[in-house]
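Visitor: Please find protein18.cif (mmCIF, C-alpha atoms; chains and numbers go by the auth columns) on the next line:
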data_run
loop_
_atom_site.group_PDB
_atom_site.id
_atom_site.type_symbol
_atom_site.label_atom_id
_atom_site.label_comp_id
_atom_site.label_asym_id
_atom_site.label_seq_id
_atom_site.Cartn_x
_atom_site.Cartn_y
_atom_site.Cartn_z
_atom_site.B_iso_or_equiv
_atom_site.auth_seq_id
_atom_site.auth_asym_id
ATOM 1 C CA ASN A 1 0.000 0.000 0.000 0.00 10 A
ATOM 2 C CA HIS A 2 3.030 2.291 -0.199 0.00 11 A
ATOM 3 C CA ARG A 3 2.470 5.420 -2.252 0.00 12 A
ATOM 4 C CA ARG A 4 5.202 6.863 -4.441 0.00 13 A
ATOM 5 C CA LEU A 5 6.207 10.207 -2.926 0.00 14 A
ATOM 6 C CA LYS A 6 6.899 13.248 -5.055 0.00 15 A
ATOM 7 C CA ASN A 7 10.312 14.871 -4.824 0.00 16 A
ATOM 8 C CA VAL A 8 10.771 18.093 -2.887 0.00 17 A
ATOM 9 C CA ILE A 9 11.787 20.475 -5.682 0.00 18 A
ATOM 10 C CA VAL A 10 10.419 23.934 -4.797 0.00 19 A
ATOM 11 C CA MET A 11 10.424 25.529 -1.348 0.00 20 A
ATOM 12 C CA MET A 12 8.551 28.688 -0.380 0.00 21 A
ATOM 13 C CA ASP A 13 9.947 31.097 2.202 0.00 22 A
ATOM 14 C CA PHE A 14 6.750 32.574 3.665 0.00 23 A
ATOM 15 C CA VAL A 15 6.522 35.645 5.932 0.00 24 A
ATOM 16 C CA PRO A 16 2.885 36.431 6.883 0.00 25 A
ATOM 17 C CA SER A 17 3.907 39.815 8.322 0.00 26 A
ATOM 18 C CA LYS A 18 7.331 41.351 7.844 0.00 27 A
ATOM 19 C CA ALA A 19 6.724 43.763 10.733 0.00 28 A
ATOM 20 C CA ALA A 20 5.941 40.850 13.066 0.00 29 A
ATOM 21 C CA LEU A 21 9.286 39.089 12.523 0.00 30 A
ATOM 22 C CA ARG A 22 11.214 38.646 15.790 0.00 31 A
ATOM 23 C CA GLU A 23 14.858 37.691 16.020 0.00 32 A
ATOM 24 C CA ILE A 24 15.542 35.035 18.647 0.00 33 A
ATOM 25 C CA ALA A 25 18.334 32.632 19.528 0.00 34 A
ATOM 26 C CA ALA A 26 17.914 29.071 18.315 0.00 35 A
ATOM 27 C CA VAL A 27 17.110 26.540 21.034 0.00 36 A
ATOM 28 C CA SER A 28 20.066 24.507 22.231 0.00 37 A
ATOM 29 C CA LYS A 29 20.767 21.495 24.431 0.00 38 A
ATOM 30 C CA PRO A 30 23.282 21.604 27.316 0.00 39 A
ATOM 31 C CA PHE A 31 26.840 20.517 26.588 0.00 40 A
ATOM 32 C CA THR A 32 27.616 16.847 27.048 0.00 41 A
ATOM 33 C CA PRO A 33 30.809 16.074 29.049 0.00 42 A
ATOM 34 C CA GLN A 34 32.571 15.099 25.812 0.00 43 A
ATOM 35 C CA GLN A 35 31.518 18.311 24.037 0.00 44 A
ATOM 36 C CA GLU A 36 32.743 20.409 26.944 0.00 45 A
ATOM 37 C CA LYS A 37 36.032 18.494 26.926 0.00 46 A
ATOM 38 C CA ASN A 38 36.477 19.158 23.194 0.00 47 A
ATOM 39 C CA LEU A 39 35.652 22.843 23.663 0.00 48 A
ATOM 40 C CA LYS A 40 38.182 23.156 26.487 0.00 49 A
ATOM 41 C CA LYS A 41 40.810 21.567 24.269 0.00 50 A
ATOM 42 C CA ALA A 42 40.089 23.982 21.402 0.00 51 A
ATOM 43 C CA PHE A 43 40.086 26.924 23.818 0.00 52 A
ATOM 44 C CA SER A 44 43.431 25.858 25.369 0.00 53 A
ATOM 45 C CA VAL A 45 45.029 25.587 21.926 0.00 54 A
ATOM 46 C CA ALA A 46 43.805 29.086 21.013 0.00 55 A
ATOM 47 C CA LYS A 47 44.804 30.517 24.390 0.00 56 A
ATOM 48 C CA GLY A 48 48.326 29.147 24.337 0.00 57 A
ATOM 49 C CA GLY A 49 50.299 30.233 27.389 0.00 58 A
ATOM 50 C CA LYS A 50 48.467 33.508 27.977 0.00 59 A
ATOM 51 C CA ASP A 51 47.096 34.311 31.427 0.00 60 A
ATOM 52 C CA HIS A 52 43.944 35.987 30.145 0.00 61 A
ATOM 53 C CA GLY A 53 41.277 34.719 27.781 0.00 62 A
ATOM 54 C CA ILE A 54 41.396 34.636 23.996 0.00 63 A
ATOM 55 C CA SER A 55 41.005 37.558 21.619 0.00 64 A
ATOM 56 C CA VAL A 56 38.131 38.199 19.232 0.00 65 A
ATOM 57 C CA HIS A 57 40.319 36.976 16.350 0.00 66 A
ATOM 58 C CA GLU A 58 41.019 33.759 18.255 0.00 67 A
ATOM 59 C CA ILE A 59 37.304 33.409 19.061 0.00 68 A
ATOM 60 C CA LYS A 60 36.651 33.418 15.322 0.00 69 A
ATOM 61 C CA GLU A 61 39.117 30.580 14.832 0.00 70 A
ATOM 62 C CA VAL A 62 37.491 28.521 17.605 0.00 71 A
ATOM 63 C CA LEU A 63 34.019 29.128 16.171 0.00 72 A
ATOM 64 C CA ARG A 64 35.183 28.206 12.670 0.00 73 A
ATOM 65 C CA ALA A 65 36.465 24.943 14.144 0.00 74 A
ATOM 66 C CA VAL A 66 32.915 24.107 15.239 0.00 75 A
ATOM 67 C CA ASP A 67 31.407 25.206 11.903 0.00 76 A
ATOM 68 C CA VAL A 68 30.019 28.581 12.943 0.00 77 A
ATOM 69 C CA ASP A 69 29.790 31.046 10.047 0.00 78 A
ATOM 70 C CA VAL A 70 31.690 34.079 11.372 0.00 79 A
ATOM 71 C CA ASP A 71 32.673 35.603 8.035 0.00 80 A
ATOM 72 C CA GLY A 72 30.900 38.237 5.977 0.00 81 A
ATOM 73 C CA GLU A 73 28.347 40.845 7.021 0.00 82 A
ATOM 74 C CA GLU A 74 26.472 38.554 9.445 0.00 83 A
ATOM 75 C CA GLY A 75 29.689 37.636 11.249 0.00 84 A
ATOM 76 C CA ASP A 76 30.722 41.291 11.542 0.00 85 A
ATOM 77 C CA LYS A 77 27.302 42.205 12.933 0.00 86 A
ATOM 78 C CA PHE A 78 27.500 39.421 15.501 0.00 87 A
ATOM 79 C CA PHE A 79 30.886 40.507 16.857 0.00 88 A
ATOM 80 C CA GLU A 80 29.844 44.173 16.910 0.00 89 A
ATOM 81 C CA ASN A 81 26.848 43.292 19.088 0.00 90 A
ATOM 82 C CA MET A 82 28.626 40.692 21.212 0.00 91 A
ATOM 83 C CA ASN A 83 28.929 41.477 24.911 0.00 92 A
ATOM 84 C CA ILE A 84 32.246 39.865 25.844 0.00 93 A
ATOM 85 C CA GLY A 85 31.802 40.399 29.579 0.00 94 A
ATOM 86 C CA PRO A 86 33.988 41.462 32.519 0.00 95 A
ATOM 87 C CA SER A 87 37.242 40.581 30.803 0.00 96 A
ATOM 88 C CA SER A 88 36.421 42.891 27.883 0.00 97 A
ATOM 89 C CA ASN A 89 38.887 45.484 29.165 0.00 98 A
ATOM 90 C CA GLN A 90 41.541 43.252 27.686 0.00 99 A
ATOM 91 C CA GLY A 91 39.481 42.633 24.550 0.00 100 A
ATOM 92 C CA THR A 92 39.324 38.950 25.469 0.00 101 A
ATOM 93 C CA ILE A 93 36.792 36.316 26.452 0.00 102 A
ATOM 94 C CA THR A 94 37.107 33.610 29.111 0.00 103 A
ATOM 95 C CA PHE A 95 36.237 29.938 28.678 0.00 104 A
ATOM 96 C CA ASP A 96 33.063 30.289 30.765 0.00 105 A
ATOM 97 C CA GLU A 97 31.905 33.264 28.682 0.00 106 A
ATOM 98 C CA LEU A 98 32.594 31.354 25.465 0.00 107 A
ATOM 99 C CA LYS A 99 30.738 28.308 26.791 0.00 108 A
ATOM 100 C CA ASN A 100 27.762 30.484 27.754 0.00 109 A
ATOM 101 C CA MET A 101 27.723 32.072 24.300 0.00 110 A
ATOM 102 C CA LEU A 102 27.756 28.664 22.631 0.00 111 A
ATOM 103 C CA THR A 103 25.110 27.231 24.975 0.00 112 A
ATOM 104 C CA GLN A 104 22.746 30.133 24.305 0.00 113 A
ATOM 105 C CA ARG A 105 23.589 29.931 20.592 0.00 114 A
ATOM 106 C CA LEU A 106 23.872 33.713 20.432 0.00 115 A
ATOM 107 C CA TYR A 107 25.600 33.371 17.060 0.00 116 A
ATOM 108 C CA TYR A 108 22.683 31.344 15.644 0.00 117 A
ATOM 109 C CA ARG A 109 19.898 33.869 15.229 0.00 118 A
ATOM 110 C CA VAL A 110 16.577 32.837 13.706 0.00 119 A
ATOM 111 C CA GLN A 111 13.447 34.810 12.944 0.00 120 A
ATOM 112 C CA ALA A 112 10.176 33.781 14.575 0.00 121 A
ATOM 113 C CA GLY A 113 7.319 34.394 12.148 0.00 122 A
ATOM 114 C CA ARG A 114 9.146 33.011 9.088 0.00 123 A
ATOM 115 C CA TYR A 115 8.026 29.678 7.620 0.00 124 A
ATOM 116 C CA TYR A 116 9.433 27.306 5.006 0.00 125 A
ATOM 117 C CA VAL A 117 6.924 25.342 2.938 0.00 126 A
ATOM 118 C CA ALA A 118 7.525 22.453 0.524 0.00 127 A
ATOM 119 C CA MET A 119 5.445 22.831 -2.621 0.00 128 A
ATOM 120 C CA THR A 120 4.430 20.644 -5.510 0.00 129 A
ATOM 121 C CA LEU A 121 5.322 21.909 -8.969 0.00 130 A
ATOM 122 C CA PHE A 122 1.646 22.724 -9.593 0.00 131 A
ATOM 123 C CA GLU A 123 1.428 24.749 -6.376 0.00 132 A
ATOM 124 C CA ALA A 124 4.662 26.550 -7.252 0.00 133 A
ATOM 125 C CA GLU A 125 3.349 27.395 -10.726 0.00 134 A
ATOM 126 C CA CYS A 126 0.154 28.846 -9.217 0.00 135 A
ATOM 127 C CA MET A 127 2.104 30.833 -6.633 0.00 136 A
ATOM 128 C CA ARG A 128 4.446 32.208 -9.267 0.00 137 A
ATOM 129 C CA ALA A 129 1.450 33.304 -11.354 0.00 138 A
ATOM 130 C CA VAL A 130 0.145 35.212 -8.314 0.00 139 A
ATOM 131 C CA LEU A 131 3.550 36.874 -7.884 0.00 140 A
ATOM 132 C CA HIS A 132 3.560 37.972 -11.509 0.00 141 A
ATOM 133 C CA GLN A 133 0.029 39.355 -11.245 0.00 142 A
ATOM 134 C CA SER A 134 1.022 41.433 -8.223 0.00 143 A
ATOM 135 C CA SER A 135 4.309 42.621 -9.722 0.00 144 A
ATOM 136 C CA GLY A 136 5.332 45.895 -8.067 0.00 145 A
ATOM 137 C CA LEU A 137 2.455 45.666 -5.565 0.00 146 A
ATOM 138 C CA SER A 138 1.966 44.081 -2.161 0.00 147 A
ATOM 139 C CA LEU A 139 1.257 40.367 -2.371 0.00 148 A
ATOM 140 C CA VAL A 140 -1.773 40.827 -0.081 0.00 149 A
ATOM 141 C CA PRO A 141 -3.370 44.302 -0.350 0.00 150 A
ATOM 142 C CA GLY A 142 -2.938 46.255 2.860 0.00 151 A
ATOM 143 C CA LYS A 143 -0.565 43.657 4.345 0.00 152 A
ATOM 144 C CA ASP A 144 3.204 43.322 4.521 0.00 153 A
ATOM 145 C CA THR A 145 3.149 39.628 3.587 0.00 154 A
ATOM 146 C CA CYS A 146 6.077 38.500 1.454 0.00 155 A
ATOM 147 C CA VAL A 147 7.291 35.235 -0.055 0.00 156 A
ATOM 148 C CA SER A 148 10.097 33.780 -2.118 0.00 157 A
ATOM 149 C CA LEU A 149 10.120 30.667 -4.274 0.00 158 A
ATOM 150 C CA ARG A 150 13.311 28.747 -4.783 0.00 159 A
ATOM 151 C CA THR A 151 14.735 25.405 -5.757 0.00 160 A
ATOM 152 C CA ASP A 152 17.668 24.427 -3.562 0.00 161 A
ATOM 153 C CA ARG A 153 19.838 27.596 -3.617 0.00 162 A
ATOM 154 C CA THR A 154 18.351 29.234 -6.723 0.00 163 A
ATOM 155 C CA THR A 155 15.689 31.908 -6.206 0.00 164 A
ATOM 156 C CA LEU A 156 12.923 31.567 -8.790 0.00 165 A
ATOM 157 C CA ASP A 157 10.798 34.562 -7.808 0.00 166 A
ATOM 158 C CA SER A 158 9.948 36.786 -4.851 0.00 167 A
ATOM 159 C CA SER A 159 7.395 39.391 -3.846 0.00 168 A
ATOM 160 C CA VAL A 160 7.864 43.100 -3.153 0.00 169 A
ATOM 161 C CA GLY A 161 9.725 43.746 0.095 0.00 170 A
ATOM 162 C CA TYR A 162 11.075 40.219 0.504 0.00 171 A
ATOM 163 C CA GLU A 163 14.366 39.873 2.381 0.00 172 A
ATOM 164 C CA PRO A 164 15.977 36.480 3.083 0.00 173 A
ATOM 165 C CA ALA A 165 16.732 35.185 6.559 0.00 174 A
ATOM 166 C CA GLN A 166 20.281 34.990 7.903 0.00 175 A
ATOM 167 C CA SER A 167 22.330 32.190 6.389 0.00 176 A
ATOM 168 C CA PHE A 168 22.030 29.857 9.415 0.00 177 A
ATOM 169 C CA GLN A 169 18.225 29.744 9.345 0.00 178 A
ATOM 170 C CA ASP A 170 18.040 29.697 5.569 0.00 179 A
ATOM 171 C CA ASN A 171 20.626 26.931 5.105 0.00 180 A
ATOM 172 C CA THR A 172 19.165 24.850 7.943 0.00 181 A
ATOM 173 C CA ALA A 173 15.716 24.888 6.332 0.00 182 A
ATOM 174 C CA THR A 174 17.173 23.937 2.942 0.00 183 A
ATOM 175 C CA THR A 175 19.207 21.091 4.441 0.00 184 A
ATOM 176 C CA CYS A 176 16.224 19.743 6.404 0.00 185 A
ATOM 177 C CA TYR A 177 14.110 19.628 3.266 0.00 186 A
ATOM 178 C CA ARG A 178 16.906 17.755 1.503 0.00 187 A
ATOM 179 C CA PHE A 179 16.722 15.207 4.335 0.00 188 A
ATOM 180 C CA ILE A 180 12.928 14.972 3.931 0.00 189 A
ATOM 181 C CA ASP A 181 13.543 14.531 0.194 0.00 190 A
ATOM 182 C CA SER A 182 15.683 11.452 1.024 0.00 191 A
ATOM 183 C CA GLN A 183 18.899 12.929 -0.332 0.00 192 A
ATOM 184 C CA VAL A 184 22.129 11.332 0.881 0.00 193 A
ATOM 185 C CA ASN A 185 24.927 13.633 -0.328 0.00 194 A
ATOM 186 C CA TYR A 186 25.839 16.474 2.044 0.00 195 A
ATOM 187 C CA GLN A 187 28.832 18.725 2.543 0.00 196 A
ATOM 188 C CA PRO A 188 30.407 18.635 6.061 0.00 197 A
ATOM 189 C CA ARG A 189 28.819 21.967 7.035 0.00 198 A
ATOM 190 C CA GLU A 190 25.415 20.799 5.778 0.00 199 A
ATOM 191 C CA LEU A 191 25.712 17.657 7.905 0.00 200 A
ATOM 192 C CA ASN A 192 26.452 19.766 10.970 0.00 201 A
ATOM 193 C CA LEU A 193 23.422 21.969 10.311 0.00 202 A
ATOM 194 C CA LEU A 194 21.221 18.904 9.836 0.00 203 A
ATOM 195 C CA LEU A 195 22.446 17.227 13.012 0.00 204 A
ATOM 196 C CA ARG A 196 21.873 20.414 15.021 0.00 205 A
ATOM 197 C CA ALA A 197 18.333 20.663 13.670 0.00 206 A
ATOM 198 C CA LEU A 198 17.536 17.006 14.453 0.00 207 A
ATOM 199 C CA GLN A 199 19.467 16.638 17.698 0.00 208 A
ATOM 200 C CA ASN A 200 16.337 16.392 19.864 0.00 209 A
ATOM 201 C CA ASN A 201 15.199 13.296 17.964 0.00 210 A
ATOM 202 C CA ILE A 202 16.463 9.800 18.776 0.00 211 A
ATOM 203 C CA CYS A 203 18.943 8.459 16.208 0.00 212 A
ATOM 204 C CA GLU A 204 16.978 5.247 15.697 0.00 213 A
ATOM 205 C CA GLN A 205 13.807 7.198 14.968 0.00 214 A
ATOM 206 C CA ARG A 206 15.634 9.417 12.462 0.00 215 A
ATOM 207 C CA TYR A 207 17.079 6.357 10.728 0.00 216 A
ATOM 208 C CA ASN A 208 13.748 4.512 10.565 0.00 217 A
ATOM 209 C CA TYR A 209 11.981 7.620 9.259 0.00 218 A
ATOM 210 C CA PHE A 210 14.575 8.193 6.543 0.00 219 A
ATOM 211 C CA VAL A 211 14.595 4.561 5.370 0.00 220 A
ATOM 212 C CA GLU A 212 10.782 4.311 5.391 0.00 221 A
ATOM 213 C CA VAL A 213 10.327 7.529 3.420 0.00 222 A
ATOM 214 C CA ARG A 214 13.055 6.621 0.943 0.00 223 A
ATOM 215 C CA SER A 215 11.426 3.221 0.334 0.00 224 A
ATOM 216 C CA ASN A 216 8.472 5.120 -1.150 0.00 225 A
ATOM 217 C CA ARG A 217 10.571 6.895 -3.756 0.00 226 A
ATOM 218 C CA ARG A 218 11.616 5.736 -7.194 0.00 227 A
ATOM 219 C CA ARG A 219 15.288 5.803 -6.364 0.00 228 A
ATOM 220 C CA LYS A 220 18.073 3.320 -5.785 0.00 229 A
ATOM 221 C CA GLN A 221 17.538 2.013 -2.265 0.00 230 A
ATOM 222 C CA LYS A 222 20.984 2.721 -0.812 0.00 231 A
ATOM 223 C CA ASP A 223 21.502 2.171 2.918 0.00 232 A
ATOM 224 C CA PRO A 224 22.289 5.657 4.354 0.00 233 A
ATOM 225 C CA ALA A 225 24.536 4.041 6.993 0.00 234 A
#
Have the structure of the file written as structure tokens, please.
Guide:
Amino acid sequence: NHRRLKNVIVMMDFVPSKAALREIAAVSKPFTPQQEKNLKKAFSVAKGGKDHGISVHEIKEVLRAVDVDVDGEEGDKFFENMNIGPSSNQGTITFDELKNMLTQRLYYRVQAGRYYVAMTLFEAECMRAVLHQSSGLSLVPGKDTCVSLRTDRTTLDSSVGYEPAQSFQDNTATTCYRFIDSQVNYQPRELNLLLRALQNNICEQRYNYFVEVRSNRRRKQKDPA
């Protein structure tokens, strides 16, 4: 009785109200003993023999080591707004301050009020027709609703006033839909984003879900393990 599932080709980035968007920190789990041990090791390497903490430049290197995007405009904005704490007179950050920053995921900002929707090709065609009909005008009269249609990383169309989310939220949504689409090829950074998004789910459940969904697709049934 298995149905053949359609592929996830087009995704819609949907913002019901641009004014209602709220920037929040992504939810995180506490550090495991092994994660804290690894962080201490990375911090000690960056710190070297100095008595104080590590500098902002060294923080960037530590964050890069754990696949945090600290380059470009978003990275600059994060460090400008970062409150380093009581050791900031030296322009440094202590291990406890770094751990707190990572635990709170202050560098991973997401927007509440933004939604990502998988669409069939027919739905995407209809939505694109609506976008063309409202070219230069608000998508919904009197509202600040905005959307964007895209396939993987290519934007197909967008409404007036649309602005994309920060790269972390945007890339996480794209990677999650690739997982739902039963894709098996990921770059190392994409794998890290996917694991962070699914970390609250039991590994066995994730595996069973992936295998069951993939069994309903017309693709070579390759064991993801």
Visitor: Hey, what's within 8 Å of Val17 of chain A if we count all atoms listed in the file and toss same-chain stuff fewer than 6 positions away? As a ChimeraX atom specification, please?
Guide: /A:127-129,186-187,189-190
Visitor: Between atom CA of Thr41 of chain A and atom CA of Glu213 of chain A, what is the distance, to one decimal in Å?
Guide: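 Going from atom CA of Thr41 of chain A over to atom CA of Glu213 of chain A, I get 19.4 Å.
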Visitor: Contacts of Thr164 of chain A at 10 Å or less, counting all atoms listed in the file, minus same-chain residues fewer than 4 places along, as a ChimeraX atom specification?
Guide: /A:19-21,157-160
Visitor: Compare A:Asn225, A:Thr183, A:Ser53, A:Gln178 by their minimum atom-to-atom distance to Thr163 of chain A, counting only C-alpha atoms, and give me the closest one.
Guide: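 Among A:Asn225, A:Thr183, A:Ser53, A:Gln178, it is A:Thr183 that comes nearest to Thr163 of chain A.
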Visitor: Can you pull out the residues contacting Ile33 of chain A? Cut-off 7 Å, using only C-alpha atoms, and skip same-chain residues under 2 positions away; I want them as a list in words.
Guide: Arg31, Ala35, Arg118, Val119, Gln120 and Ala121 of chain A
Visitor: If you measure from atom CA of Ala206 of chain A to atom CA of Ser26 of chain A, what distance in Å do you get, rounded to one decimal?
Guide: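 If I compute the distance from atom CA of Ala206 of chain A to atom CA of Ser26 of chain A, I get 24.6 Å.
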Visitor: Would you work out the distance separating atom CA of Ser167 of chain A from atom CA of Leu140 of chain A, expressed in Å to one decimal?
Guide: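 Atom CA of Leu140 of chain A lies at a distance of 7.1 Å from atom CA of Ser167 of chain A.
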Visitor: For the structure shown, which residues end up in the PyMOL selection byres ((chain A and resi 145-150) around 12)? Put them as a short mmCIF file (atom, residue, chain, number, x, y, z; two decimals) with C-alpha atoms, in the frame of the given file, please?
Guide:
data_model
loop_
_atom_site.label_atom_id
_atom_site.label_comp_id
_atom_site.auth_asym_id
_atom_site.auth_seq_id
_atom_site.Cartn_x
_atom_site.Cartn_y
_atom_site.Cartn_z
CA PHE A 23 6.75 32.57 3.66
CA VAL A 24 6.52 35.65 5.93
CA PRO A 25 2.88 36.43 6.88
CA SER A 26 3.91 39.82 8.32
CA LYS A 27 7.33 41.35 7.84
CA MET A 136 2.10 30.83 -6.63
CA ARG A 137 4.45 32.21 -9.27
CA ALA A 138 1.45 33.30 -11.35
CA VAL A 139 0.14 35.21 -8.31
CA LEU A 140 3.55 36.87 -7.88
CA HIS A 141 3.56 37.97 -11.51
CA GLN A 142 0.03 39.35 -11.24
CA SER A 143 1.02 41.43 -8.22
CA SER A 144 4.31 42.62 -9.72
CA GLY A 151 -2.94 46.26 2.86
CA LYS A 152 -0.56 43.66 4.34
CA ASP A 153 3.20 43.32 4.52
CA THR A 154 3.15 39.63 3.59
CA CYS A 155 6.08 38.50 1.45
CA VAL A 156 7.29 35.24 -0.06
CA SER A 157 10.10 33.78 -2.12
CA SER A 167 9.95 36.79 -4.85
CA SER A 168 7.40 39.39 -3.85
CA VAL A 169 7.86 43.10 -3.15
CA GLY A 170 9.72 43.75 0.10
CA TYR A 171 11.08 40.22 0.50
#
Visitor: From the set A:Gln214, A:Gln196, A:Asn201, A:Asn209, which residue has the shortest atom-to-atom contact distance to Phe177 of chain A, counting all atoms listed in the file?
Guide: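 Counting all atoms listed in the file, the residue closest to Phe177 of chain A is A:Asn201.
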Visitor: Taking into account only C-alpha atoms, which residue in the set A:Arg205, A:Arg73, A:His66, A:Arg162 is nearest to Ala51 of chain A?
Guide: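 Using only C-alpha atoms, the shortest distance to Ala51 of chain A belongs to A:Arg73.
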Visitor: What's around Val54 of chain A at 10 Å? Count only C-alpha atoms, leave out sequence neighbours fewer than 3 positions away in its own chain, and write the answer as a ChimeraX atom specification.
Guide: /A:48-51,57-58,63,67,71
Visitor: Tell me which of A:Glu70, A:Glu172, A:Glu134, A:Glu45 sits closest to Asn109 of chain A, counting all atoms listed in the file.
Guide: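 Checking each of A:Glu70, A:Glu172, A:Glu134, A:Glu45 against Asn109 of chain A, counting all atoms listed in the file, the winner is A:Glu45.
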Visitor: On this structure, the PyMOL selection byres ((chain A and resi 200) around 12) would catch which residues? List them as number ranges by chain, sorted by chain and number.
Guide: A: 76, 180-181, 183-185, 187-188, 192-199, 201-208
Visitor: Please produce segment 214-221 of chain A, completed to all heavy atoms, as a JSON list (two decimals), in the coordinates of the input.
Guide:
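To be explicit, this is the file written out as rebuild17.json:
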[["chain", "number", "residue", "atom", "x", "y", "z"],
["A", 214, "GLN", "N", 15.01, 6.66, 15.59],
["A", 214, "GLN", "CA", 13.81, 7.20, 14.97],
["A", 214, "GLN", "C", 14.13, 7.93, 13.68],
["A", 214, "GLN", "O", 13.40, 7.82, 12.68],
["A", 214, "GLN", "CB", 13.08, 8.13, 15.94],
["A", 214, "GLN", "CG", 12.48, 7.44, 17.15],
["A", 214, "GLN", "CD", 11.83, 8.40, 18.12],
["A", 214, "GLN", "OE1", 12.13, 9.61, 18.11],
["A", 214, "GLN", "NE2", 10.94, 7.90, 18.96],
["A", 215, "ARG", "N", 15.22, 8.71, 13.68],
["A", 215, "ARG", "CA", 15.63, 9.42, 12.46],
["A", 215, "ARG", "C", 15.97, 8.42, 11.35],
["A", 215, "ARG", "O", 15.58, 8.62, 10.19],
["A", 215, "ARG", "CB", 16.86, 10.30, 12.75],
["A", 215, "ARG", "CG", 16.61, 11.39, 13.76],
["A", 215, "ARG", "CD", 17.64, 12.51, 13.64],
["A", 215, "ARG", "NE", 19.00, 12.07, 13.84],
["A", 215, "ARG", "CZ", 19.72, 12.32, 14.92],
["A", 215, "ARG", "NH1", 19.17, 12.96, 15.95],
["A", 215, "ARG", "NH2", 20.98, 11.94, 15.02],
["A", 216, "TYR", "N", 16.68, 7.37, 11.72],
["A", 216, "TYR", "CA", 17.08, 6.36, 10.73],
["A", 216, "TYR", "C", 15.85, 5.67, 10.15],
["A", 216, "TYR", "O", 15.72, 5.54, 8.92],
["A", 216, "TYR", "CB", 18.01, 5.34, 11.39],
["A", 216, "TYR", "CG", 18.42, 4.20, 10.46],
["A", 216, "TYR", "CD1", 19.51, 4.34, 9.60],
["A", 216, "TYR", "CD2", 17.71, 3.01, 10.45],
["A", 216, "TYR", "CE1", 19.88, 3.32, 8.75],
["A", 216, "TYR", "CE2", 18.07, 1.97, 9.59],
["A", 216, "TYR", "CZ", 19.16, 2.13, 8.74],
["A", 216, "TYR", "OH", 19.51, 1.11, 7.90],
["A", 217, "ASN", "N", 14.94, 5.22, 11.03],
["A", 217, "ASN", "CA", 13.75, 4.51, 10.56],
["A", 217, "ASN", "C", 12.89, 5.41, 9.69],
["A", 217, "ASN", "O", 12.33, 4.95, 8.68],
["A", 217, "ASN", "CB", 12.94, 4.01, 11.76],
["A", 217, "ASN", "CG", 13.64, 2.90, 12.52],
["A", 217, "ASN", "OD1", 14.53, 2.23, 11.98],
["A", 217, "ASN", "ND2", 13.27, 2.70, 13.77],
["A", 218, "TYR", "N", 12.76, 6.68, 10.06],
["A", 218, "TYR", "CA", 11.98, 7.62, 9.26],
["A", 218, "TYR", "C", 12.59, 7.76, 7.87],
["A", 218, "TYR", "O", 11.89, 7.68, 6.86],
["A", 218, "TYR", "CB", 11.93, 8.98, 9.95],
["A", 218, "TYR", "CG", 11.43, 10.10, 9.06],
["A", 218, "TYR", "CD1", 10.07, 10.31, 8.89],
["A", 218, "TYR", "CD2", 12.33, 10.92, 8.38],
["A", 218, "TYR", "CE1", 9.60, 11.32, 8.06],
["A", 218, "TYR", "CE2", 11.87, 11.93, 7.55],
["A", 218, "TYR", "CZ", 10.51, 12.13, 7.39],
["A", 218, "TYR", "OH", 10.07, 13.13, 6.56],
["A", 219, "PHE", "N", 13.91, 7.97, 7.82],
["A", 219, "PHE", "CA", 14.58, 8.19, 6.54],
["A", 219, "PHE", "C", 14.42, 6.98, 5.63],
["A", 219, "PHE", "O", 14.10, 7.11, 4.45],
["A", 219, "PHE", "CB", 16.06, 8.50, 6.78],
["A", 219, "PHE", "CG", 16.81, 8.87, 5.54],
["A", 219, "PHE", "CD1", 16.87, 10.19, 5.11],
["A", 219, "PHE", "CD2", 17.45, 7.91, 4.77],
["A", 219, "PHE", "CE1", 17.55, 10.54, 3.96],
["A", 219, "PHE", "CE2", 18.13, 8.25, 3.62],
["A", 219, "PHE", "CZ", 18.19, 9.57, 3.21],
["A", 220, "VAL", "N", 14.67, 5.78, 6.17],
["A", 220, "VAL", "CA", 14.60, 4.56, 5.37],
["A", 220, "VAL", "C", 13.17, 4.31, 4.89],
["A", 220, "VAL", "O", 12.95, 3.93, 3.73],
["A", 220, "VAL", "CB", 15.11, 3.36, 6.19],
["A", 220, "VAL", "CG1", 14.86, 2.05, 5.44],
["A", 220, "VAL", "CG2", 16.60, 3.50, 6.47],
["A", 221, "GLU", "N", 12.18, 4.53, 5.77],
["A", 221, "GLU", "CA", 10.78, 4.31, 5.39],
["A", 221, "GLU", "C", 10.35, 5.27, 4.29],
["A", 221, "GLU", "O", 9.71, 4.87, 3.31],
["A", 221, "GLU", "CB", 9.88, 4.46, 6.62],
["A", 221, "GLU", "CG", 8.39, 4.37, 6.32],
["A", 221, "GLU", "CD", 7.95, 2.98, 5.89],
["A", 221, "GLU", "OE1", 8.73, 2.03, 6.09],
["A", 221, "GLU", "OE2", 6.85, 2.86, 5.33]]
